[in-house]
$ cat run-v7.tsv   # TSV, C-alpha atoms
chain	number	residue	atom	x	y	z
N	1	MET	CA	-52.44	34.95	15.22
N	2	SER	CA	-55.59	32.94	14.53
N	3	PHE	CA	-55.64	29.80	12.39
N	4	GLU	CA	-57.61	31.63	9.70
N	5	GLU	CA	-54.98	34.40	9.49
N	6	ILE	CA	-52.17	31.83	9.40
N	7	TYR	CA	-53.94	29.91	6.64
N	8	ASP	CA	-54.45	33.01	4.53
N	9	THR	CA	-50.91	34.31	5.07
N	10	TYR	CA	-48.97	31.09	4.64
N	11	TYR	CA	-50.96	28.78	2.33
N	12	ASN	CA	-49.29	29.90	-0.90
N	13	LYS	CA	-45.82	30.15	0.64
N	14	ILE	CA	-46.05	26.61	2.01
N	15	PHE	CA	-47.50	25.28	-1.24
N	16	ARG	CA	-44.62	26.78	-3.22
N	17	VAL	CA	-42.02	25.26	-0.90
N	18	CYS	CA	-43.76	21.86	-1.16
N	19	MET	CA	-43.99	22.25	-4.92
N	20	GLY	CA	-40.25	23.07	-5.06
N	21	TYR	CA	-39.49	19.92	-3.12
N	22	MET	CA	-41.94	17.57	-4.85
N	23	ASN	CA	-42.32	18.96	-8.38
N	24	ASP	CA	-45.78	17.38	-8.31
N	25	HIS	CA	-48.91	19.50	-7.98
N	26	GLU	CA	-51.13	16.84	-6.36
N	27	ARG	CA	-48.56	15.75	-3.81
N	28	ALA	CA	-47.57	19.34	-3.01
N	29	ARG	CA	-51.24	20.12	-2.34
N	30	ASP	CA	-51.60	17.07	-0.09
N	31	VAL	CA	-48.51	17.92	1.95
N	32	THR	CA	-49.59	21.57	2.24
N	33	GLN	CA	-52.92	20.43	3.66
N	34	GLU	CA	-51.25	17.95	5.98
N	35	THR	CA	-49.05	20.79	7.22
N	36	PHE	CA	-52.08	22.95	8.04
N	37	ILE	CA	-53.80	20.05	9.78
N	38	VAL	CA	-50.75	19.74	12.07
N	39	VAL	CA	-50.71	23.54	12.53
N	40	TRP	CA	-54.38	23.43	13.57
N	41	GLN	CA	-53.71	20.55	15.97
N	42	LYS	CA	-50.59	22.06	17.54
N	43	LEU	CA	-51.35	25.77	17.49
N	44	GLY	CA	-52.33	25.67	21.17
N	45	GLN	CA	-48.91	24.24	22.03
N	46	PHE	CA	-46.97	26.89	20.10
N	47	ARG	CA	-44.96	28.80	22.68
N	48	ASN	CA	-43.41	31.64	20.65
N	49	GLU	CA	-39.94	30.11	21.05
N	50	SER	CA	-39.51	30.80	17.37
N	51	ALA	CA	-41.37	32.99	14.89
N	52	ILE	CA	-44.68	31.48	13.80
N	53	GLY	CA	-43.43	31.37	10.20
N	54	THR	CA	-40.32	29.39	11.18
N	55	TRP	CA	-42.52	26.98	13.11
N	56	ILE	CA	-44.86	26.43	10.16
N	57	PHE	CA	-42.02	26.02	7.65
N	58	ARG	CA	-40.42	23.47	9.98
N	59	ILE	CA	-43.59	21.38	9.90
N	60	ALA	CA	-43.86	21.72	6.12
N	61	SER	CA	-40.18	20.82	5.53
N	62	ASN	CA	-40.44	17.81	7.82
N	63	TYR	CA	-43.63	16.63	6.12
N	64	CYS	CA	-41.98	16.95	2.71
N	65	LEU	CA	-39.05	14.81	3.85
N	66	ARG	CA	-41.40	12.37	5.50
N	67	GLN	CA	-43.16	11.55	2.24
N	68	LEU	CA	-40.71	8.82	1.37
N	69	GLU	CA	-41.51	7.14	4.68
N	70	LYS	CA	-45.22	7.34	3.98
N	71	GLN	CA	-45.09	6.35	0.31
N	72	ASN	CA	-45.28	2.67	1.20
N	73	ARG	CA	-48.20	3.04	3.55
N	74	MET	CA	-50.55	5.77	2.46
N	75	PRO	CA	-51.84	6.46	-1.02
N	76	PHE	CA	-51.55	10.04	-2.13
N	77	SER	CA	-54.52	12.34	-2.41
N	78	GLU	CA	-56.26	11.05	0.69
N	79	MET	CA	-56.56	14.57	1.94
N	80	PRO	CA	-59.78	16.51	1.51
N	81	ILE	CA	-60.48	17.40	-2.07
N	82	ASP	CA	-62.38	20.61	-2.38
N	83	LEU	CA	-64.49	22.18	-5.03
N	84	GLU	CA	-61.60	24.11	-6.52
N	85	ASP	CA	-59.82	20.88	-7.39
N	86	LYS	CA	-58.59	21.14	-10.94
N	87	PRO	CA	-55.65	19.93	-13.05
N	88	PRO	CA	-52.23	21.46	-12.40
N	89	PRO	CA	-52.13	25.02	-13.70
N	90	ASP	CA	-50.19	25.59	-16.88
N	91	ILE	CA	-47.22	27.30	-15.33
N	92	GLU	CA	-44.65	28.95	-17.47
N	93	SER	CA	-41.97	26.80	-19.00
N	94	GLN	CA	-39.14	28.61	-17.21
N	95	VAL	CA	-40.74	27.95	-13.84
N	96	GLN	CA	-41.25	24.33	-14.85
N	97	LEU	CA	-37.62	24.13	-15.80
N	98	LEU	CA	-36.70	25.53	-12.39
N	99	TYR	CA	-38.80	22.83	-10.70
N	100	LYS	CA	-37.13	20.20	-12.85
N	101	CYS	CA	-33.66	21.42	-11.89
N	102	ILE	CA	-34.53	21.57	-8.18
N	103	ALA	CA	-36.02	18.06	-8.36
N	104	GLU	CA	-32.63	16.70	-9.41
N	105	LEU	CA	-30.95	17.97	-6.22
N	106	PRO	CA	-30.55	15.91	-3.02
N	107	GLU	CA	-33.51	16.17	-0.60
N	108	ILE	CA	-31.97	18.59	1.92
N	109	ASP	CA	-30.74	20.86	-0.89
N	110	ARG	CA	-34.27	20.89	-2.32
N	111	ILE	CA	-35.68	22.05	1.01
N	112	ILE	CA	-32.97	24.68	1.55
N	113	ILE	CA	-33.25	26.21	-1.93
N	114	SER	CA	-37.06	26.22	-1.84
N	115	LEU	CA	-36.98	28.11	1.47
N	116	GLU	CA	-34.29	30.49	0.16
N	117	LEU	CA	-36.26	31.24	-3.00
N	118	GLU	CA	-39.36	31.80	-0.89
N	119	ASP	CA	-37.34	34.65	0.67
N	120	ILE	CA	-36.97	33.09	4.11
N	121	LYS	CA	-34.04	34.61	6.01
N	122	GLN	CA	-30.99	32.36	6.20
N	123	ALA	CA	-31.06	32.52	10.02
N	124	GLU	CA	-34.60	31.13	9.84
N	125	ILE	CA	-33.60	28.40	7.37
N	126	ALA	CA	-30.86	27.45	9.83
N	127	SER	CA	-33.44	27.19	12.60
N	128	ILE	CA	-35.79	25.15	10.37
N	129	THR	CA	-33.17	22.62	9.28
N	130	GLY	CA	-31.04	22.47	12.45
N	131	LEU	CA	-27.94	23.64	10.57
N	132	SER	CA	-25.82	26.71	11.33
N	133	GLU	CA	-26.21	29.99	9.47
N	134	THR	CA	-22.71	29.58	8.01
N	135	ASN	CA	-23.69	26.14	6.71
N	136	ILE	CA	-26.77	27.59	5.07
N	137	ARG	CA	-24.87	30.47	3.49
N	138	VAL	CA	-22.32	28.12	1.94
N	139	LYS	CA	-25.01	25.62	0.96
N	140	VAL	CA	-27.20	28.23	-0.74
N	141	TYR	CA	-24.23	29.51	-2.74
N	142	ARG	CA	-23.31	26.01	-3.92
N	143	ILE	CA	-26.89	25.01	-4.69
N	144	LYS	CA	-27.38	28.15	-6.78
N	145	GLU	CA	-24.23	27.32	-8.71
N	146	LYS	CA	-25.48	23.80	-9.36
N	147	LEU	CA	-28.89	25.13	-10.37
N	148	SER	CA	-27.34	27.63	-12.78
N	149	GLN	CA	-25.33	24.87	-14.46
N	150	LYS	CA	-28.37	22.64	-14.80
N	151	PHE	CA	-30.57	25.48	-15.97
N	152	LYS	CA	-28.17	26.58	-18.68
N	153	ARG	CA	-27.63	23.01	-19.84
N	154	TYR	CA	-31.37	22.42	-20.18
N	155	GLU	CA	-31.89	25.77	-21.91
N	156	GLN	CA	-29.29	24.82	-24.51
N	157	GLN	CA	-31.03	21.49	-25.08
N	158	TYR	CA	-34.46	22.94	-25.75
A	1	MET	CA	-19.77	29.54	-13.12
A	2	SER	CA	-21.72	32.63	-12.29
A	3	SER	CA	-25.11	32.42	-10.63
A	4	ASN	CA	-26.52	35.26	-12.68
A	5	ILE	CA	-29.97	33.75	-13.25
A	6	ASP	CA	-32.46	35.43	-10.97
A	7	PHE	CA	-34.06	32.33	-9.50
A	8	LYS	CA	-35.94	34.33	-6.89
A	9	ALA	CA	-37.69	36.39	-9.54
A	10	LEU	CA	-38.53	33.23	-11.43
A	11	TRP	CA	-39.82	31.60	-8.27
A	12	GLN	CA	-42.11	34.53	-7.60
A	13	GLN	CA	-43.65	34.12	-11.07
A	14	GLN	CA	-45.38	30.95	-9.93
A	15	PRO	CA	-49.12	31.31	-10.17
A	16	TYR	CA	-51.03	31.22	-6.92
A	17	ALA	CA	-52.37	27.79	-6.06
A	18	ALA	CA	-56.13	27.43	-5.65
A	19	LYS	CA	-56.47	27.63	-1.89
A	20	PRO	CA	-58.81	24.93	-0.58
A	21	ASP	CA	-61.65	25.98	1.68
A	22	ILE	CA	-60.34	26.36	5.23
A	23	ASN	CA	-63.34	24.47	6.59
A	24	SER	CA	-62.35	21.31	4.70
A	25	VAL	CA	-58.94	21.45	6.40
A	26	ILE	CA	-60.48	22.02	9.82
A	27	SER	CA	-63.02	19.22	9.37
A	28	LYS	CA	-60.27	16.83	8.24
A	29	ALA	CA	-58.21	17.80	11.30
A	30	MET	CA	-61.19	17.22	13.59
A	31	ASP	CA	-61.86	13.91	11.91
A	32	LEU	CA	-58.29	12.79	12.55
A	33	LYS	CA	-58.59	13.89	16.18
A	34	ARG	CA	-61.80	11.88	16.54
A	35	LYS	CA	-60.20	8.80	14.98
A	36	THR	CA	-57.18	8.99	17.32
A	37	ARG	CA	-59.49	9.36	20.30
A	38	SER	CA	-61.71	6.43	19.30
A	39	LYS	CA	-58.63	4.28	18.64
A	40	LEU	CA	-57.44	5.04	22.17
A	41	ILE	CA	-60.88	4.26	23.62
A	42	TRP	CA	-61.05	0.93	21.74
A	43	SER	CA	-57.57	-0.16	22.76
A	44	SER	CA	-58.31	0.75	26.40
A	45	LEU	CA	-61.57	-1.23	26.20
A	46	THR	CA	-59.76	-4.25	24.71
A	47	LEU	CA	-57.21	-4.04	27.49
A	48	ALA	CA	-59.98	-3.84	30.11
A	49	VAL	CA	-61.83	-6.86	28.62
A	50	ILE	CA	-58.64	-8.93	28.52
A	51	SER	CA	-57.87	-7.97	32.12
A	52	ILE	CA	-61.37	-9.04	33.20
A	53	ILE	CA	-61.00	-12.39	31.38
A	54	VAL	CA	-57.62	-12.97	33.05
A	55	ILE	CA	-59.08	-12.21	36.49
A	56	MET	CA	-62.06	-14.52	35.81
A	57	VAL	CA	-59.78	-17.35	34.66
A	58	GLY	CA	-57.66	-16.86	37.78
A	59	ILE	CA	-60.69	-16.99	40.06
A	60	ASN	CA	-62.23	-20.03	38.38
A	61	LEU	CA	-59.06	-22.03	37.97
A	62	ASN	CA	-59.76	-25.44	39.49
A	63	THR	CA	-56.31	-26.84	39.50
A	64	HIS	CA	-53.46	-27.18	41.92
A	65	VAL	CA	-51.02	-28.43	39.31
A	66	LEU	CA	-48.15	-25.99	38.95
A	67	THR	CA	-47.53	-26.66	35.22
A	68	THR	CA	-51.15	-25.77	34.32
A	69	LYS	CA	-50.99	-22.50	36.27
A	70	ALA	CA	-47.62	-21.61	34.78
A	71	GLY	CA	-48.93	-22.51	31.31
A	72	ILE	CA	-51.90	-20.15	31.66
A	73	ILE	CA	-49.65	-17.33	32.85
A	74	LEU	CA	-47.30	-17.88	29.91
A	75	ILE	CA	-50.18	-17.88	27.41
A	76	ILE	CA	-51.81	-14.78	28.86
A	77	PHE	CA	-48.58	-12.79	29.21
A	78	PRO	CA	-47.93	-12.27	25.45
A	79	ILE	CA	-51.61	-11.45	24.86
A	80	ILE	CA	-51.54	-8.72	27.52
A	81	SER	CA	-48.19	-7.43	26.24
A	82	PHE	CA	-49.61	-7.22	22.74
A	83	ALA	CA	-52.67	-5.31	23.98
A	84	LEU	CA	-50.41	-2.96	25.97
A	85	ILE	CA	-48.18	-2.30	22.98
A	86	ASN	CA	-51.27	-1.43	20.97
A	87	SER	CA	-52.56	0.97	23.62
A	88	GLY	CA	-51.34	4.41	24.74
A	89	LEU	CA	-47.88	3.12	25.50
A	90	TYR	CA	-47.47	2.24	21.83
A	91	LEU	CA	-48.64	5.68	20.75
A	92	ASN	CA	-46.15	7.47	22.99
A	93	MET	CA	-43.25	5.25	21.99
A	94	PHE	CA	-43.76	6.10	18.34
A	95	LYS	CA	-44.64	9.76	18.61
A	96	SER	CA	-42.66	12.17	16.49
A	97	HIS	CA	-42.47	15.96	16.70
A	98	PRO	CA	-42.95	17.50	13.26
A	99	ASP	CA	-42.37	21.00	14.66
A	100	ALA	CA	-38.81	20.14	15.69
A	101	ASP	CA	-35.95	21.14	13.41
A	102	THR	CA	-35.27	18.81	10.48
A	103	PHE	CA	-32.08	17.38	11.98
A	104	THR	CA	-33.88	16.39	15.21
A	105	TYR	CA	-36.99	15.21	13.37
A	106	LEU	CA	-35.09	12.93	10.99
A	107	ALA	CA	-33.13	11.40	13.87
A	108	GLU	CA	-36.47	10.84	15.62
A	109	LEU	CA	-37.98	9.14	12.54
A	110	VAL	CA	-34.99	6.84	12.15
A	111	ALA	CA	-35.19	5.93	15.86
A	112	ILE	CA	-38.94	5.21	15.54
A	113	GLN	CA	-38.41	2.98	12.50
A	114	LYS	CA	-35.68	1.09	14.35
A	115	LYS	CA	-37.97	0.62	17.36
A	116	GLN	CA	-40.67	-0.75	15.06
A	117	ARG	CA	-38.18	-3.10	13.44
A	118	PHE	CA	-37.02	-4.27	16.88
A	119	ILE	CA	-40.57	-4.91	18.01
A	120	GLN	CA	-41.29	-6.86	14.86
A	121	THR	CA	-38.26	-9.09	15.14
A	122	LYS	CA	-37.77	-9.65	18.88
A	123	VAL	CA	-41.30	-9.31	20.14
A	124	LEU	CA	-42.76	-11.61	17.48
A	125	ASN	CA	-40.27	-14.33	18.41
A	126	LEU	CA	-40.96	-13.85	22.12
A	127	TYR	CA	-44.70	-13.98	21.46
A	128	PHE	CA	-44.43	-17.40	19.82
A	129	LEU	CA	-41.94	-18.63	22.41
A	130	PHE	CA	-44.21	-17.74	25.34
A	131	LEU	CA	-47.30	-19.07	23.58
A	132	GLY	CA	-45.61	-22.38	22.70
A	133	ALA	CA	-44.10	-22.84	26.15
A	134	GLY	CA	-47.41	-21.92	27.82
A	135	LEU	CA	-49.33	-24.38	25.69
A	136	LEU	CA	-46.81	-27.12	26.40
A	137	LEU	CA	-47.03	-26.65	30.17
A	138	TYR	CA	-50.80	-26.12	30.24
A	139	MET	CA	-51.49	-29.41	28.43
A	140	ILE	CA	-49.31	-31.63	30.65
A	141	GLU	CA	-52.02	-32.10	33.29
A	142	PHE	CA	-54.70	-33.12	30.74
A	143	VAL	CA	-52.43	-35.21	28.51
A	144	LYS	CA	-51.43	-37.32	31.51
A	145	LYS	CA	-55.07	-38.29	31.94
A	146	ILE	CA	-55.73	-39.35	28.32
A	147	GLY	CA	-52.71	-41.57	27.74
A	148	VAL	CA	-49.64	-41.43	25.51
A	149	LEU	CA	-51.31	-41.99	22.11
A	150	TRP	CA	-54.09	-39.41	22.40
A	151	GLY	CA	-51.75	-37.20	24.34
A	152	SER	CA	-49.34	-37.16	21.41
A	153	VAL	CA	-52.20	-36.32	19.05
A	154	ALA	CA	-53.32	-33.54	21.38
A	155	TYR	CA	-49.80	-32.10	21.37
A	156	ILE	CA	-49.13	-32.49	17.66
A	157	CYS	CA	-52.27	-30.63	16.47
A	158	PRO	CA	-51.79	-27.22	18.16
A	159	PHE	CA	-48.02	-27.30	17.75
A	160	ALA	CA	-48.29	-28.16	14.06
A	161	ALA	CA	-50.58	-25.14	13.67
A	162	LEU	CA	-48.14	-22.95	15.61
A	163	VAL	CA	-45.17	-24.18	13.57
A	164	PHE	CA	-47.10	-23.59	10.33
A	165	VAL	CA	-47.91	-20.00	11.33
A	166	TYR	CA	-44.40	-19.32	12.64
A	167	PHE	CA	-42.42	-20.81	9.77
A	168	TYR	CA	-44.74	-20.31	6.82
A	169	ILE	CA	-47.33	-17.54	7.24
A	170	SER	CA	-45.57	-14.99	9.43
A	171	PRO	CA	-42.12	-15.03	7.65
A	172	LYS	CA	-43.77	-14.04	4.36
A	173	GLU	CA	-45.54	-11.01	5.81
A	174	PHE	CA	-42.56	-10.37	8.07
A	175	ARG	CA	-40.08	-10.30	5.16
A	176	ARG	CA	-42.29	-7.87	3.23
A	177	GLN	CA	-42.62	-5.49	6.19
A	178	GLN	CA	-38.94	-5.79	7.02
A	179	ALA	CA	-37.96	-4.95	3.46
A	180	GLU	CA	-40.18	-1.85	3.58
A	181	MET	CA	-38.78	-0.78	6.93
A	182	ASN	CA	-35.18	-1.35	5.91
A	183	ALA	CA	-35.72	0.67	2.74
A	184	THR	CA	-37.29	3.51	4.74
A	185	ILE	CA	-34.52	3.52	7.35
A	186	GLU	CA	-31.93	3.51	4.59
A	187	LYS	CA	-33.57	6.48	2.81
A	188	LEU	CA	-34.07	8.48	6.02
A	189	GLN	CA	-30.50	7.73	7.05
A	190	ALA	CA	-29.26	8.92	3.65
A	191	ILE	CA	-31.11	12.25	4.07
A	192	ASN	CA	-29.78	12.53	7.61
A	193	ASP	CA	-26.28	11.93	6.28
A	194	GLN	CA	-26.73	14.91	3.93
A	195	LEU	CA	-27.32	17.08	7.01
A	196	VAL	CA	-24.39	15.54	8.89
A	197	THR	CA	-22.08	16.17	5.93
A	198	THR	CA	-23.30	19.78	5.70
A	199	ARG	CA	-22.66	20.28	9.43
A	200	GLY	CA	-19.14	18.97	8.91
A	201	MET	CA	-18.45	21.69	6.32
A	202	GLU	CA	-17.96	24.33	9.01

$ encode --input "run-v7.tsv" --output "C-alpha cells"
Amino acid sequence: MSFEEIYDTYYNKIFRVCMGYMNDHERARDVTQETFIVVWQKLGQFRNESAIGTWIFRIASNYCLRQLEKQNRMPFSEMPIDLEDKPPPDIESQVQLLYKCIAELPEIDRIIISLELEDIKQAEIASITGLSETNIRVKVYRIKEKLSQKFKRYEQQY
Amino acid sequence: MSSNIDFKALWQQQPYAAKPDINSVISKAMDLKRKTRSKLIWSSLTLAVISIIVIMVGINLNTHVLTTKAGIILIIFPIISFALINSGLYLNMFKSHPDADTFTYLAELVAIQKKQRFIQTKVLNLYFLFLGAGLLLYMIEFVKKIGVLWGSVAYICPFAALVFVYFYISPKEFRRQQAEMNATIEKLQAINDQLVTTRGME
C-alpha cells in the first residue's frame, strides 16, 4: 500500500480517534499529522507483522498518549497549516456531548473506546494497546456503561 | 445500567475533517529528516573539532609536571563526554518506538525520562567535579611560580566563578527541568498503571 493510499484511507479514521482522545480540534489535527509523518518515515521498515491499520493506529494511540510529555516542550500547532485550515466544524451537539463524556475518562479508556467506536476489532485493539482480548472485552463493556451514565446525566441537565 | 445508547452510530455522525494536502505532510516529514541529519552532521563535526584540539594540546604540551598533565586530562574528559552524549550515542539512548504497542511504548517513555533525569543529576555533578579537580591540578605548576598571594588570587577567581555557576545559576534551571521531568514521569507512570491494573483484571 502506498503512502498516498494509506493517507486517503486512514486520515479521517485517525483524526476521529485523536479527536475522541483530545476533544480538541486543533490538537487532534496536529497529532493526526504527526502520526502520518511517522508513517511516512517508517513505512519502509513496516514488515507486515501486523495489519497496516493496526500499525497506524498504534502510532496514533501512542502519539495521543505522548502529548502530555510534549506539552511542556513543544507548542501546539507547529505542524504544517494548509489552505483548508478553518475553525472547528460545528458538529452536532450529541457528538459534542459524546466527546465531552469520553474526555472525562482515564487516558487508556479514552484510547480504547475511541478505537472501539471507530469499529476496530477487539483483537486489533488488544494488539494496539498490549492488553489481552479478554481485557479489552471487559474494558469496553465497562467503559460503555460509564459513558451511558455520563451521557444520560448530561442529557438530563441540558 | 443498560448501555442502550448507540455510541457507534453517534460516532459515525462526525463530519469528515478537512484533510490537509498530502504534500504538506510529506514536505514536513522531509524537513524533519533533514534537520535530524544536519544535527547529526553538526554534532559529529563538533566532536571532530574537539578531538583535533585535544590532539594538538597533547602534541604541544611543554610540561613534564604530572599535575598539569592530569589537570588537562580531567578538564578535557567532561568536555568530550558532553560532546559524545550530544552525538549519535545520545540519539540512540533516547530513541523510542512509536509503532510498538502502547504498553511497551509507555514503559519505553518512562525509561527514557528516567535516563534523562539521571544524566541531569549525576552527569552534571560529575562534570563540575572533573572540571574543578582538573583546574585545581592544572594550576599548581603555574601558581608555584607566582607566589602564595597571587597564587591565591589566581585560584579564587576561577573557583568563585565555578561555585557561582554550580550553586546559583545551574540549580535554578536544574530545579525547573527536574520539576518538569518528575511531573512527566508521574503522569506517564499513572497511565502505565492504568494498563497494569487492566492486565490484572484477567

$ closest_residue --input "run-v7.tsv" --among "A:Ile72, A:Ala48, A:Cys157, A:Val110" --to "chain N" --atoms "only C-alpha atoms"
A:Val110

$ closest_residue --input "run-v7.tsv" --among "A:Leu135, A:Tyr16, A:Asn192, A:Phe128" --to "A:Phe167" --atoms "all atoms listed in the file"
A:Phe128

$ closest_residue --input "run-v7.tsv" --among "N:Val38, N:Phe3, N:Leu147, N:Ser50" --to "N:Lys100" --atoms "all atoms listed in the file"
N:Leu147

$ atom_distance --input "run-v7.tsv" --atom1 "atom CA of A:Leu84" --atom2 "atom CA of A:Ala100"
27.8 Å

$ closest_atom_pairs --input "run-v7.tsv" --of "chain A" --to "chain N" --cutoff "6 Å" --atoms "all atoms listed in the file" --output "JSON lines"
{"residue": "A:Ser3", "atom": "CA", "partner": "N:Glu145", "partner_atom": "CA", "distance": 5.5}
{"residue": "A:Lys8", "atom": "CA", "partner": "N:Leu117", "partner_atom": "CA", "distance": 5.0}
{"residue": "A:Pro20", "atom": "CA", "partner": "N:Asp82", "partner_atom": "CA", "distance": 5.9}
{"residue": "A:Ala29", "atom": "CA", "partner": "N:Ile37", "partner_atom": "CA", "distance": 5.2}
{"residue": "A:Pro98", "atom": "CA", "partner": "N:Ile59", "partner_atom": "CA", "distance": 5.2}
{"residue": "A:Asp99", "atom": "CA", "partner": "N:Ile59", "partner_atom": "CA", "distance": 4.9}
{"residue": "A:Asp101", "atom": "CA", "partner": "N:Ile128", "partner_atom": "CA", "distance": 5.0}
{"residue": "A:Thr102", "atom": "CA", "partner": "N:Thr129", "partner_atom": "CA", "distance": 4.5}
{"residue": "A:Phe103", "atom": "CA", "partner": "N:Gly130", "partner_atom": "CA", "distance": 5.2}
{"residue": "A:Thr184", "atom": "CA", "partner": "N:Glu69", "partner_atom": "CA", "distance": 5.6}

$ atom_distance --input "run-v7.tsv" --atom1 "atom CA of N:Arg110" --atom2 "atom CA of N:Tyr21"
5.4 Å

$ atom_distance --input "run-v7.tsv" --atom1 "atom CA of A:Phe159" --atom2 "atom CA of A:Gly134"
11.4 Å

$ closest_residue --input "run-v7.tsv" --among "N:Met1, N:Ala51, N:Met19, N:Ile102" --to "N:Glu124" --atoms "only C-alpha atoms"
N:Ala51

$ closest_residue --input "run-v7.tsv" --among "A:Met56, A:Leu162, A:Ile79, A:Ala17" --to "N:Glu26" --atoms "only C-alpha atoms"
A:Ala17

$ residues_around --input "run-v7.tsv" --residues "A:Leu131" --least-positions-apart "5" --cutoff "9 Å" --atoms "only C-alpha atoms" --output "list in words"
Gly71, Leu74, Ile75, Ile76, Phe77, Pro78, Ile79, Leu126, Leu136 and Leu162 of chain A

$ closest_residue --input "run-v7.tsv" --among "A:Val148, A:Lys187, A:Leu47, A:Phe174" --to "A:Ala83" --atoms "only C-alpha atoms"
A:Leu47

$ decode --input "run-v7.tsv" --residues "stretch 105-123 of chain A" --atoms "N, CA and C atoms" --output "mmCIF file, in the first residue's frame"
data_model
loop_
_atom_site.group_PDB
_atom_site.id
_atom_site.type_symbol
_atom_site.label_atom_id
_atom_site.label_comp_id
_atom_site.auth_asym_id
_atom_site.auth_seq_id
_atom_site.Cartn_x
_atom_site.Cartn_y
_atom_site.Cartn_z
ATOM 1 N N TYR A 105 5.460 0.937 24.644
ATOM 2 C CA TYR A 105 5.851 2.317 24.339
ATOM 3 C C TYR A 105 5.889 3.181 25.604
ATOM 4 N N LEU A 106 4.870 3.027 26.447
ATOM 5 C CA LEU A 106 4.826 3.830 27.675
ATOM 6 C C LEU A 106 5.992 3.474 28.600
ATOM 7 N N ALA A 107 6.277 2.160 28.691
ATOM 8 C CA ALA A 107 7.406 1.720 29.524
ATOM 9 C C ALA A 107 8.698 2.337 28.980
ATOM 10 N N GLU A 108 8.797 2.390 27.653
ATOM 11 C CA GLU A 108 9.972 2.964 26.986
ATOM 12 C C GLU A 108 10.096 4.460 27.311
ATOM 13 N N LEU A 109 8.974 5.169 27.253
ATOM 14 C CA LEU A 109 8.986 6.613 27.532
ATOM 15 C C LEU A 109 9.383 6.900 28.978
ATOM 16 N N VAL A 110 8.859 6.090 29.893
ATOM 17 C CA VAL A 110 9.214 6.278 31.305
ATOM 18 C C VAL A 110 10.714 6.044 31.485
ATOM 19 N N ALA A 111 11.226 4.976 30.846
ATOM 20 C CA ALA A 111 12.655 4.655 30.961
ATOM 21 C C ALA A 111 13.509 5.801 30.400
ATOM 22 N N ILE A 112 13.079 6.364 29.270
ATOM 23 C CA ILE A 112 13.827 7.462 28.644
ATOM 24 C C ILE A 112 13.854 8.679 29.569
ATOM 25 N N GLN A 113 12.701 8.997 30.136
ATOM 26 C CA GLN A 113 12.629 10.152 31.045
ATOM 27 C C GLN A 113 13.535 9.933 32.251
ATOM 28 N N LYS A 114 13.572 8.705 32.755
ATOM 29 C CA LYS A 114 14.417 8.407 33.913
ATOM 30 C C LYS A 114 15.891 8.532 33.550
ATOM 31 N N LYS A 115 16.226 8.088 32.322
ATOM 32 C CA LYS A 115 17.619 8.212 31.855
ATOM 33 C C LYS A 115 18.003 9.683 31.797
ATOM 34 N N GLN A 116 17.082 10.502 31.263
ATOM 35 C CA GLN A 116 17.364 11.937 31.140
ATOM 36 C C GLN A 116 17.543 12.563 32.521
ATOM 37 N N ARG A 117 16.704 12.136 33.456
ATOM 38 C CA ARG A 117 16.805 12.671 34.813
ATOM 39 C C ARG A 117 18.139 12.264 35.440
ATOM 40 N N PHE A 118 18.553 11.011 35.193
ATOM 41 C CA PHE A 118 19.827 10.517 35.720
ATOM 42 C C PHE A 118 20.980 11.339 35.153
ATOM 43 N N ILE A 119 20.946 11.538 33.836
ATOM 44 C CA ILE A 119 22.017 12.297 33.196
ATOM 45 C C ILE A 119 22.094 13.698 33.783
ATOM 46 N N GLN A 120 20.928 14.292 33.963
ATOM 47 C CA GLN A 120 20.905 15.657 34.507
ATOM 48 C C GLN A 120 21.499 15.717 35.904
ATOM 49 N N THR A 121 21.130 14.772 36.747
ATOM 50 C CA THR A 121 21.601 14.852 38.134
ATOM 51 C C THR A 121 23.048 14.411 38.252
ATOM 52 N N LYS A 122 23.337 13.173 37.864
ATOM 53 C CA LYS A 122 24.671 12.607 38.082
ATOM 54 C C LYS A 122 25.718 13.238 37.181
ATOM 55 N N VAL A 123 25.392 13.309 35.895
ATOM 56 C CA VAL A 123 26.396 13.776 34.945
ATOM 57 C C VAL A 123 26.759 15.244 35.186
#
